[in-house]
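A.B. asks: Contents are CSV, C-alpha atoms; file name entry_19.csv:
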```
chain,number,residue,atom,x,y,z
R,62,MET,CA,0.0,0.0,0.0
R,63,PRO,CA,1.7,3.3,-1.1
R,64,LYS,CA,2.6,5.7,1.7
R,65,SER,CA,2.0,9.4,1.3
R,66,PRO,CA,4.5,11.9,2.6
R,67,ALA,CA,1.5,13.7,4.0
R,68,PRO,CA,3.1,17.0,5.0
R,69,HIS,CA,-0.4,18.1,5.9
R,70,ALA,CA,-0.9,15.2,8.4
R,71,LEU,CA,-2.2,16.1,11.7
R,72,SER,CA,0.3,16.8,14.4
R,73,SER,CA,-2.3,15.7,17.0
R,74,HIS,CA,-5.2,13.2,16.9
R,75,ALA,CA,-6.9,14.9,19.8
R,76,PRO,CA,-9.8,16.3,17.8
R,77,TYR,CA,-10.7,12.7,16.7
R,78,GLN,CA,-10.0,10.7,19.9
R,79,SER,CA,-13.8,10.5,20.6
R,80,PHE,CA,-14.2,8.3,17.5
R,81,ASP,CA,-12.5,5.5,19.6
R,82,LEU,CA,-15.7,5.3,21.6
R,83,LEU,CA,-17.9,4.5,18.6
R,84,ALA,CA,-18.8,0.9,17.6
R,85,THR,CA,-18.7,1.7,13.9
R,86,LEU,CA,-15.5,1.8,11.9
R,87,VAL,CA,-14.4,5.4,11.4
R,88,THR,CA,-11.4,7.0,9.6
R,89,VAL,CA,-10.5,10.6,8.8
R,90,LEU,CA,-9.2,11.2,5.3
R,91,ASP,CA,-7.7,14.1,3.4
R,92,ARG,CA,-9.2,15.1,0.0
R,93,LYS,CA,-6.9,12.6,-1.8
R,94,GLY,CA,-8.1,9.7,0.4
R,95,ILE,CA,-5.0,9.4,2.5
R,96,VAL,CA,-5.7,8.2,6.1
R,97,ARG,CA,-5.1,10.8,8.8
R,98,PHE,CA,-6.7,8.9,11.7
R,99,SER,CA,-8.5,5.6,12.2
R,100,ASN,CA,-10.4,4.6,15.3
R,101,ALA,CA,-9.9,1.5,17.4
R,102,ALA,CA,-12.9,-0.4,15.9
R,103,LEU,CA,-11.4,-0.1,12.4
R,104,GLU,CA,-8.0,-1.2,13.7
R,105,ASP,CA,-9.6,-4.3,15.3
R,106,VAL,CA,-11.5,-5.3,12.2
R,107,LEU,CA,-8.6,-4.8,9.8
R,108,GLY,CA,-6.2,-6.7,12.1
R,109,ILE,CA,-3.5,-4.1,11.7
R,110,SER,CA,-2.4,-1.1,13.8
R,111,ARG,CA,-3.6,2.4,13.2
R,112,ARG,CA,0.0,3.4,12.7
R,113,SER,CA,0.2,1.1,9.7
R,114,ILE,CA,-2.9,2.5,8.3
R,115,GLN,CA,-2.0,6.2,8.8
R,116,GLY,CA,-0.6,7.8,5.7
R,117,THR,CA,-1.8,5.1,3.3
R,118,ALA,CA,-4.4,5.4,0.5
R,119,PHE,CA,-7.6,4.2,2.1
R,120,ALA,CA,-9.1,3.1,-1.2
R,121,GLU,CA,-6.5,0.3,-1.4
R,122,LEU,CA,-8.3,-1.4,1.5
R,123,PHE,CA,-11.3,-2.1,-0.7
R,124,MET,CA,-11.9,-4.8,-3.3
R,125,GLU,CA,-13.0,-2.0,-5.7
R,126,PRO,CA,-10.9,1.1,-4.9
R,127,SER,CA,-12.6,3.2,-7.6
R,128,GLN,CA,-15.9,3.3,-5.6
R,129,LEU,CA,-14.2,5.2,-2.8
R,130,GLN,CA,-12.3,7.5,-5.2
R,131,ASN,CA,-15.5,8.5,-7.0
R,132,ALA,CA,-17.3,9.1,-3.6
R,133,LEU,CA,-14.4,11.3,-2.4
R,134,GLU,CA,-14.4,13.3,-5.6
R,135,GLY,CA,-18.1,13.9,-5.3
R,136,VAL,CA,-17.9,15.0,-1.7
R,137,SER,CA,-14.8,17.1,-2.2
R,138,GLY,CA,-16.3,18.8,-5.3
R,139,ASN,CA,-19.3,19.9,-3.2
R,140,GLU,CA,-21.6,17.7,-5.3
R,141,PHE,CA,-22.9,16.0,-2.2
R,142,ASP,CA,-22.7,16.5,1.6
R,143,ALA,CA,-22.6,12.8,2.1
R,144,LEU,CA,-22.5,9.6,0.0
R,145,ARG,CA,-23.5,6.1,0.9
R,146,TYR,CA,-22.7,2.8,-0.9
R,147,ASP,CA,-21.9,-0.8,-0.2
R,148,ALA,CA,-18.5,-2.3,-0.6
R,149,TRP,CA,-16.1,-5.1,0.4
R,150,LEU,CA,-13.4,-4.3,2.9
R,151,ARG,CA,-10.1,-6.2,2.8
R,152,ARG,CA,-8.8,-7.6,6.1
R,153,ASN,CA,-5.3,-8.7,7.0
R,154,GLY,CA,-5.3,-12.5,6.9
R,155,TYR,CA,-9.1,-12.8,6.9
R,156,GLU,CA,-11.9,-13.0,4.3
R,157,PRO,CA,-13.2,-9.6,3.1
R,158,VAL,CA,-16.2,-8.2,5.0
R,159,PRO,CA,-19.2,-6.5,3.4
R,160,VAL,CA,-19.7,-3.0,4.7
R,161,HIS,CA,-22.0,0.0,4.2
R,162,VAL,CA,-19.8,3.1,3.6
R,163,ILE,CA,-20.8,6.6,4.5
R,164,ILE,CA,-18.6,9.4,3.2
R,165,THR,CA,-19.2,12.8,4.9
R,166,ARG,CA,-17.7,16.2,4.3
R,167,THR,CA,-16.6,18.0,7.5
R,168,GLU,CA,-16.5,21.8,8.2
R,169,SER,CA,-12.8,21.6,7.6
R,170,ALA,CA,-12.1,22.0,3.9
R,171,ASP,CA,-9.4,19.3,3.8
R,172,ALA,CA,-10.9,16.6,6.0
R,173,ILE,CA,-13.4,13.9,5.1
R,174,ILE,CA,-14.9,11.3,7.4
R,175,ALA,CA,-15.5,7.7,6.2
R,176,GLU,CA,-17.8,5.6,8.4
R,177,LEU,CA,-18.0,1.9,7.7
R,178,VAL,CA,-20.8,-0.3,9.2
R,179,PRO,CA,-20.4,-4.1,8.6
R,180,LEU,CA,-23.6,-5.3,7.0
R,181,GLU,CA,-23.8,-8.2,9.4
R,182,GLN,CA,-23.4,-5.8,12.3
R,183,GLN,CA,-26.1,-3.6,10.8
R,184,THR,CA,-28.5,-6.5,10.5
R,185,ARG,CA,-27.8,-7.5,14.1
R,186,GLN,CA,-28.3,-4.0,15.4
R,187,ASP,CA,-31.6,-3.8,13.6
R,188,ARG,CA,-32.6,-7.1,15.1
R,189,GLU,CA,-31.5,-6.0,18.6
R,190,GLU,CA,-33.4,-2.7,18.2
R,191,ARG,CA,-36.6,-4.6,17.3
R,192,LEU,CA,-36.1,-6.9,20.3
R,193,THR,CA,-35.6,-4.0,22.6
R,194,GLU,CA,-38.6,-2.1,21.3
R,195,GLN,CA,-40.7,-5.3,21.5
R,196,ALA,CA,-39.5,-5.9,25.1
R,197,GLN,CA,-40.5,-2.4,26.0
R,198,THR,CA,-43.9,-2.8,24.3
R,199,ASN,CA,-44.4,-6.2,26.0
R,200,LYS,CA,-43.5,-4.7,29.4
R,201,GLU,CA,-46.1,-1.9,29.1
R,202,LEU,CA,-48.7,-4.3,27.8
R,203,ILE,CA,-48.1,-6.8,30.5
R,204,ARG,CA,-48.2,-4.3,33.3
R,205,ASN,CA,-51.4,-2.7,32.0
R,206,LEU,CA,-53.1,-6.0,31.3
R,207,ALA,CA,-52.0,-7.5,34.7
R,208,HIS,CA,-53.5,-4.5,36.6
R,209,GLU,CA,-56.7,-4.7,34.6
R,210,ILE,CA,-57.0,-8.4,35.4
R,211,LYS,CA,-56.0,-8.1,39.0
R,212,ASN,CA,-58.8,-5.9,40.2
R,213,PRO,CA,-61.8,-7.9,39.0
R,214,LEU,CA,-60.1,-11.1,40.1
R,215,GLY,CA,-60.4,-10.2,43.7
R,216,GLY,CA,-64.1,-9.4,43.3
R,217,ILE,CA,-64.7,-12.7,41.5
R,218,ARG,CA,-63.0,-14.7,44.2
R,219,GLY,CA,-64.7,-12.8,47.0
R,220,ALA,CA,-68.1,-13.3,45.4
R,221,ALA,CA,-67.5,-17.0,45.0
R,222,GLN,CA,-66.6,-17.3,48.7
R,223,LEU,CA,-69.7,-15.5,49.8
R,224,LEU,CA,-71.8,-17.6,47.5
R,225,GLU,CA,-70.2,-20.8,48.9
R,226,MET,CA,-71.2,-19.7,52.4
R,227,GLU,CA,-74.9,-19.5,51.3
R,228,ILE,CA,-75.0,-22.9,49.6
R,229,ASP,CA,-75.9,-26.1,51.4
R,230,SER,CA,-75.5,-28.5,48.5
R,231,PRO,CA,-72.0,-30.1,48.3
R,232,GLU,CA,-72.5,-30.5,44.5
R,233,LEU,CA,-72.9,-26.8,44.1
R,234,THR,CA,-70.1,-26.0,46.4
R,235,GLU,CA,-67.8,-27.9,44.1
R,236,TYR,CA,-68.5,-25.3,41.4
R,237,THR,CA,-67.7,-22.4,43.7
R,238,GLN,CA,-64.4,-24.2,44.6
R,239,VAL,CA,-63.6,-24.3,40.8
R,240,ILE,CA,-64.2,-20.6,40.6
R,241,ILE,CA,-62.0,-19.9,43.6
R,242,HIS,CA,-59.2,-22.2,42.4
R,243,GLU,CA,-59.1,-20.7,38.9
R,244,ALA,CA,-59.1,-17.2,40.4
R,245,ASP,CA,-56.1,-18.1,42.5
R,246,ARG,CA,-54.4,-19.6,39.5
R,247,LEU,CA,-54.9,-16.4,37.5
R,248,GLN,CA,-53.8,-14.3,40.5
R,249,SER,CA,-50.5,-16.3,40.6
R,250,LEU,CA,-50.0,-15.7,36.8
R,251,VAL,CA,-50.6,-12.0,37.3
R,252,ASP,CA,-48.1,-11.9,40.2
R,253,ARG,CA,-45.5,-13.5,38.0
R,254,LEU,CA,-46.2,-11.0,35.2
R,255,LEU,CA,-45.7,-8.1,37.6
R,256,ALA,CA,-42.7,-9.6,39.5
R,257,PRO,CA,-39.9,-8.1,37.5
R,258,HIS,CA,-41.3,-4.6,37.8
R,259,ARG,CA,-42.0,-4.8,41.6
R,260,ARG,CA,-38.7,-6.0,43.0
R,261,PRO,CA,-35.9,-3.4,43.3
R,262,HIS,CA,-32.6,-4.1,41.5
R,263,MET,CA,-30.2,-5.6,44.2
R,264,VAL,CA,-26.7,-5.2,42.8
R,265,SER,CA,-23.6,-6.9,44.3
R,266,ASP,CA,-20.4,-8.6,43.1
R,267,VAL,CA,-21.4,-11.7,41.2
R,268,ASN,CA,-19.4,-14.8,40.1
R,269,ILE,CA,-21.2,-16.2,37.1
R,270,HIS,CA,-20.0,-19.7,37.8
R,271,GLU,CA,-21.7,-19.6,41.3
R,272,VAL,CA,-24.8,-18.7,39.4
R,273,CYS,CA,-24.4,-21.6,37.0
R,274,GLU,CA,-23.6,-24.0,39.9
R,275,ARG,CA,-26.8,-23.0,41.7
R,276,VAL,CA,-28.9,-23.6,38.6
R,277,ARG,CA,-27.1,-26.9,37.9
R,278,SER,CA,-27.9,-28.2,41.4
R,279,LEU,CA,-31.6,-27.2,41.1
R,280,ILE,CA,-31.9,-28.8,37.6
R,281,LEU,CA,-30.3,-32.1,38.8
R,282,ALA,CA,-32.5,-32.1,41.9
R,283,GLU,CA,-35.6,-32.1,39.6
R,284,PHE,CA,-34.1,-34.4,36.9
R,285,PRO,CA,-31.8,-36.7,38.8
R,286,LYS,CA,-31.8,-39.5,36.2
R,287,GLY,CA,-31.1,-39.5,32.4
R,288,LEU,CA,-29.8,-36.0,32.3
R,289,ARG,CA,-26.1,-35.1,32.1
R,290,VAL,CA,-25.1,-31.5,32.9
R,291,VAL,CA,-21.7,-30.5,31.5
R,292,ARG,CA,-19.6,-27.6,32.7
R,293,ASP,CA,-17.4,-25.8,30.2
R,294,TYR,CA,-16.2,-22.8,32.2
R,295,ASP,CA,-13.7,-20.1,31.5
R,296,THR,CA,-12.6,-19.6,35.1
R,297,SER,CA,-10.7,-16.4,34.3
R,298,ILE,CA,-14.0,-14.4,33.9
R,299,PRO,CA,-13.9,-11.7,36.6
R,300,GLU,CA,-16.7,-10.9,39.1
R,301,PHE,CA,-19.0,-8.1,38.0
R,302,ARG,CA,-21.8,-6.0,39.5
R,303,ALA,CA,-25.2,-7.5,38.9
R,304,ASP,CA,-28.4,-8.7,40.6
R,305,ARG,CA,-27.5,-12.3,41.6
R,306,GLU,CA,-31.0,-13.5,42.1
R,307,GLN,CA,-32.2,-12.1,38.8
R,308,LEU,CA,-29.4,-13.8,36.9
R,309,ILE,CA,-30.1,-17.1,38.7
R,310,GLN,CA,-33.7,-16.9,37.8
R,311,ALA,CA,-32.9,-16.0,34.1
R,312,VAL,CA,-30.5,-18.9,33.7
R,313,LEU,CA,-32.8,-21.3,35.6
R,314,ASN,CA,-35.8,-20.4,33.4
R,315,ILE,CA,-33.7,-21.2,30.3
R,316,ALA,CA,-32.2,-24.4,31.7
R,317,HIS,CA,-35.6,-25.6,33.0
R,318,ASN,CA,-37.2,-25.0,29.6
R,319,ALA,CA,-34.3,-27.0,28.0
R,320,ALA,CA,-34.7,-29.8,30.5
R,321,GLN,CA,-38.4,-30.1,29.8
R,322,ALA,CA,-37.7,-30.1,26.1
R,323,LEU,CA,-35.4,-33.0,26.7
R,324,ALA,CA,-38.1,-35.3,28.2
R,325,GLU,CA,-37.8,-38.0,25.5
R,326,ARG,CA,-34.0,-38.0,25.7
R,327,ILE,CA,-34.1,-38.1,29.5
R,328,ALA,CA,-36.3,-41.2,29.2
R,329,GLU,CA,-33.7,-42.7,26.9
R,330,GLY,CA,-30.9,-41.7,29.2
R,331,ASP,CA,-28.8,-39.6,26.7
R,332,ALA,CA,-30.0,-36.1,27.5
R,333,CYS,CA,-27.3,-33.4,27.8
R,334,LEU,CA,-27.3,-29.9,29.0
R,335,THR,CA,-24.2,-27.7,28.8
R,336,PHE,CA,-23.3,-24.5,30.6
R,337,LYS,CA,-20.5,-22.8,28.7
R,338,THR,CA,-18.9,-19.4,29.7
R,339,ARG,CA,-16.6,-17.3,27.6
R,340,VAL,CA,-15.4,-13.7,27.3
R,341,THR,CA,-16.0,-12.1,24.0
R,342,ARG,CA,-14.2,-8.9,22.9
R,343,GLN,CA,-15.1,-5.9,20.9
R,344,ILE,CA,-18.8,-6.7,20.7
R,345,THR,CA,-21.7,-4.3,19.9
R,346,PHE,CA,-25.2,-4.7,21.1
R,347,GLY,CA,-27.8,-2.1,22.1
R,348,LYS,CA,-26.1,0.3,19.7
R,349,GLN,CA,-23.1,0.4,22.0
R,350,ARG,CA,-19.7,-1.1,21.7
R,351,TYR,CA,-18.1,-3.0,24.6
R,352,ARG,CA,-14.5,-4.1,24.9
R,353,LEU,CA,-15.5,-7.1,27.0
R,354,ALA,CA,-18.7,-9.0,27.5
R,355,LEU,CA,-19.8,-12.3,29.2
R,356,GLU,CA,-21.0,-15.0,26.9
R,357,LEU,CA,-23.0,-17.6,28.8
R,358,HIS,CA,-24.4,-20.5,26.7
R,359,VAL,CA,-27.0,-22.9,27.8
R,360,VAL,CA,-27.0,-25.7,25.2
R,361,ASP,CA,-29.2,-28.8,24.9
R,362,ASN,CA,-29.4,-31.7,22.5
R,363,GLY,CA,-33.2,-31.7,22.4
R,364,PRO,CA,-35.6,-31.4,19.4
R,365,GLY,CA,-35.1,-27.7,18.9
R,366,VAL,CA,-37.4,-24.7,19.0
R,367,PRO,CA,-40.5,-25.3,16.8
R,368,ASP,CA,-40.3,-23.2,13.6
R,369,SER,CA,-43.8,-21.8,14.3
R,370,ILE,CA,-42.6,-19.9,17.4
R,371,LYS,CA,-38.9,-19.2,16.6
R,372,ASP,CA,-39.5,-15.5,15.9
R,373,ARG,CA,-41.8,-15.1,18.9
R,374,ILE,CA,-40.0,-17.2,21.5
R,375,PHE,CA,-39.4,-14.2,23.9
R,376,TYR,CA,-43.0,-12.9,23.6
R,377,PRO,CA,-45.2,-13.3,26.7
R,378,LEU,CA,-47.6,-16.3,26.8
R,379,VAL,CA,-45.9,-18.0,23.8
R,380,SER,CA,-44.9,-21.6,24.7
R,381,GLY,CA,-43.8,-24.6,22.7
R,382,ARG,CA,-44.9,-27.0,25.4
R,383,GLU,CA,-48.4,-28.0,26.2
R,384,GLY,CA,-49.4,-26.5,29.6
R,385,GLY,CA,-46.5,-24.1,29.6
R,386,SER,CA,-47.2,-20.5,30.8
R,387,GLY,CA,-45.0,-18.9,28.1
R,388,LEU,CA,-43.4,-16.6,30.7
R,389,GLY,CA,-40.1,-18.2,31.5
R,390,LEU,CA,-38.1,-16.8,28.5
R,391,THR,CA,-39.9,-13.5,28.6
R,392,LEU,CA,-38.9,-13.0,32.3
R,393,ALA,CA,-35.3,-14.2,31.5
R,394,GLN,CA,-35.0,-11.6,28.7
R,395,THR,CA,-36.3,-8.9,31.0
R,396,PHE,CA,-33.8,-9.7,33.7
R,397,VAL,CA,-30.9,-9.8,31.3
R,398,GLN,CA,-31.9,-6.6,29.6
R,399,GLN,CA,-32.0,-5.0,33.1
R,400,HIS,CA,-28.2,-5.7,33.0
R,401,HIS,CA,-27.9,-4.0,29.7
R,402,GLY,CA,-27.5,-7.3,28.0
R,403,LEU,CA,-29.6,-9.6,25.8
R,404,ILE,CA,-30.4,-13.2,25.0
R,405,GLU,CA,-30.0,-14.8,21.6
R,406,VAL,CA,-31.1,-18.2,20.4
R,407,ASP,CA,-29.8,-20.5,17.7
R,408,SER,CA,-31.8,-23.7,17.3
R,409,VAL,CA,-31.8,-26.7,15.0
R,410,PRO,CA,-33.0,-30.2,15.7
R,411,GLY,CA,-30.5,-31.8,18.0
R,412,ARG,CA,-28.9,-28.6,19.3
R,413,THR,CA,-30.4,-25.5,20.8
R,414,ASP,CA,-28.1,-22.7,22.1
R,415,PHE,CA,-29.4,-19.9,24.3
R,416,LYS,CA,-26.6,-17.3,24.5
R,417,ILE,CA,-26.7,-14.7,27.3
R,418,LEU,CA,-24.6,-11.6,26.6
R,419,ILE,CA,-23.8,-9.1,29.5
R,420,PRO,CA,-21.3,-6.3,29.3
R,421,LEU,CA,-18.2,-6.6,31.7
R,422,PRO,CA,-16.3,-3.7,33.2
```
If you took the structure in this file and wrote it as structure tokens, what would it be?
C.D. replies:
Amino acid sequence: MPKSPAPHALSSHAPYQSFDLLATLVTVLDRKGIVRFSNAALEDVLGISRRSIQGTAFAELFMEPSQLQNALEGVSGNEFDALRYDAWLRRNGYEPVPVHVIITRTESADAIIAELVPLEQQTRQDREERLTEQAQTNKELIRNLAHEIKNPLGGIRGAAQLLEMEIDSPELTEYTQVIIHEADRLQSLVDRLLAPHRRPHMVSDVNIHEVCERVRSLILAEFPKGLRVVRDYDTSIPEFRADREQLIQAVLNIAHNAAQALAERIAEGDACLTFKTRVTRQITFGKQRYRLALELHVVDNGPGVPDSIKDRIFYPLVSGREGGSGLGLTLAQTFVQQHHGLIEVDSVPGRTDFKILIPLP
């Protein structure tokens, strides 16, 4: 890649240091397309240091350099304030990556900003944004619906009790008992719907493996035979500030769902549930970039998530199991989102992987 003598190169990168906080790939170019500055995200994706990039022709990093040159000429010639196009970015030792390129003219006459958004990352951000918006909508819907149900429930139950006191026939009393029992069941459901919004966030230092071990012991107590629970831990993961009980409940809900889906394999004696922890670096979710994040996988060898509910699995009252409440995964996602994280799922017959992502300090 040809180097430019760049007598006009910046003596200080201070005006551009804030670009290092961005999740997208950003570089500052001169009018000829020579790199003046590149942020940390671009450095990570390219696999080369920013010192190596500085002073080079940025167009040479693309499969089709002419696209960038044309865009720079259009912006430099004041034909456009900004230009967008899709391209393939070369990477040192890796396959090229598809990116969406945004070329923007700055107030400075000799500086142009190029922003690159990996298309895979853009797709993921769009999906996460939809999940976040859906979760917020679900939360408001659940709270409003639960309160609307809660008030008349008390009246129905009270009326059934009063009616039962006036009835002498045991046969008719049986009907009032059904009313009372079903009112209590619905009350329990409403309480579970409201639970995440009632309890305050209790933050302390949490070891994720203590959380996993607690869940493991609870699962094995309920399914003592036919189920093997495998630990695959990265013990170097540090403690972090979190609500321990919420994380236990989130992981337990996922693991319990998995164990129930493994019913046939448990009967055959070859069911397997795996807890796997890893640290992932330079990850973006929730439109924010994190240098470190926890990856907790709960993997089972069951039949997989039914295709009919794959896109709705975190919606409230959606269940793939007969008799299921459809609240376990909804509550798990809520608890994880309260830690600024999210849950993703990848499922095919024979392997379902629920991945919990939580930022680490």
A.B. asks: What does the structure give for the distance between CA of Ser369 in chain R and CA of Gln398 in chain R, in Å to one decimal?
C.D. replies: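 Computing the Euclidean distance for CA of Ser369 in chain R and CA of Gln398 in chain R yields 24.6 Å.
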A.B. asks: Counting only C-alpha atoms, what is within 9 Å of Val366 in chain R, bar same-chain residues fewer than 4 positions away, as a list in words?
C.D. replies: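 Selected residues are Ala322, Ile370, Lys371, Ile374, Gly381, Asp407, Ser408, Val409, Pro410 and Thr413 of chain R.
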A.B. asks: Please report the interatomic distance between CA of Ile280 in chain R and CA of Lys416 in chain R in Å with one decimal.
C.D. replies: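 CA of Lys416 in chain R lies 18.2 Å from CA of Ile280 in chain R.
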A.B. asks: For Met124 in chain R, which residue among R:Pro157, R:Pro367, R:Pro213, R:Gly108 is the nearest when counting only C-alpha atoms?
C.D. replies: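 Smallest distance to Met124 in chain R is found for R:Pro157.
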A.B. asks: Identify, on the basis of only C-alpha atoms, every residue whose closest approach to Asp91 in chain R does not exceed 7 Å; exclude the query and any residue fewer than 4 positions from it along the same chain; express the result as a list of chain:residue names.
C.D. replies: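 Here the qualifying residues turn out to be R:Ile95, R:Val96, R:Arg97, R:Asp171, R:Ala172, R:Ile173.
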A.B. asks: Just write the chosen residues, C-alpha atoms, as a short mmCIF file (atom, residue, chain, number, x, y, z; two decimals), in the frame of the given file.
C.D. replies:
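See part-v4.cif below for the written result:
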```
data_model
loop_
_atom_site.label_atom_id
_atom_site.label_comp_id
_atom_site.auth_asym_id
_atom_site.auth_seq_id
_atom_site.Cartn_x
_atom_site.Cartn_y
_atom_site.Cartn_z
CA ILE R 95 -5.00 9.40 2.50
CA VAL R 96 -5.70 8.20 6.10
CA ARG R 97 -5.10 10.80 8.80
CA ASP R 171 -9.40 19.30 3.80
CA ALA R 172 -10.90 16.60 6.00
CA ILE R 173 -13.40 13.90 5.10
#
```
A.B. asks: Nearest to Thr85 in chain R among R:Val397, R:Leu150, R:Leu313, R:Ala102, with distances taken over all atoms listed in the file: which residue is it?
C.D. replies: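 Selected residue with least distance to Thr85 in chain R: R:Ala102.
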A.B. asks: Go through R:Val89, R:Ile217, R:Ala332, R:Leu421 and flag the residue nearest Asn268 in chain R, using only C-alpha atoms for the distances.
C.D. replies: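 The answer is R:Leu421, which sits nearest to Asn268 in chain R.
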A.B. asks: Can you pull out the residues contacting Thr338 in chain R? Cut-off 6 Å, using only C-alpha atoms, and skip same-chain residues under 5 positions away; I want them as JSON, numbers by chain.
C.D. replies: {"R": [294, 295, 356, 357]}
A.B. asks: How many Å separate CA of Leu103 in chain R from CA of Glu300 in chain R?
C.D. replies: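 Pair CA of Leu103 in chain R / CA of Glu300 in chain R returns 29.3 Å.
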A.B. asks: Of the residues R:Thr391, R:Thr165, R:Thr341, R:Thr237, which is the one nearest to Arg373 in chain R, using all atoms listed in the file?
C.D. replies: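 Selected residue with least distance to Arg373 in chain R: R:Thr391.
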A.B. asks: Determine the nearest neighbour of Ala101 in chain R from the options R:Pro422, R:Glu125, R:Leu86, R:Glu176, counting only C-alpha atoms.
C.D. replies: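 Closest to Ala101 in chain R of all the choices is R:Leu86.
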A.B. asks: Residues at most 8 Å from range 110-112 of chain R, counting all atoms listed in the file, excluding those fewer than 6 positions away in the same chain, as a list of chain:residue names?
C.D. replies: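 Within the cut-off, the hits are R:Phe98, R:Ser99, R:Asn100, R:Ala101, R:Glu104.
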A.B. asks: Smallest atom-to-atom distance to Glu243 in chain R: which of R:Ala132, R:Gly287, R:Asp372, R:Arg218, using all atoms listed in the file?
C.D. replies: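 Comparing R:Ala132, R:Gly287, R:Asp372, R:Arg218 against Glu243 in chain R, the winner is R:Arg218.
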A.B. asks: List the residues sitting within 9 Å of (-54.2, -12.9, 40.9) in the file's frame, using only C-alpha atoms, as a PyMOL selection string.
C.D. replies: chain R and resi 207+210-212+214-215+244-252
A.B. asks: Write out as JSON, numbers by chain which residues come within 10 Å of Gln343 in chain R when counting all atoms listed in the file, dropping same-chain ones fewer than 6 positions away.
C.D. replies: {"R": [84, 101, 102, 105, 106, 350, 351, 352, 353, 354]}
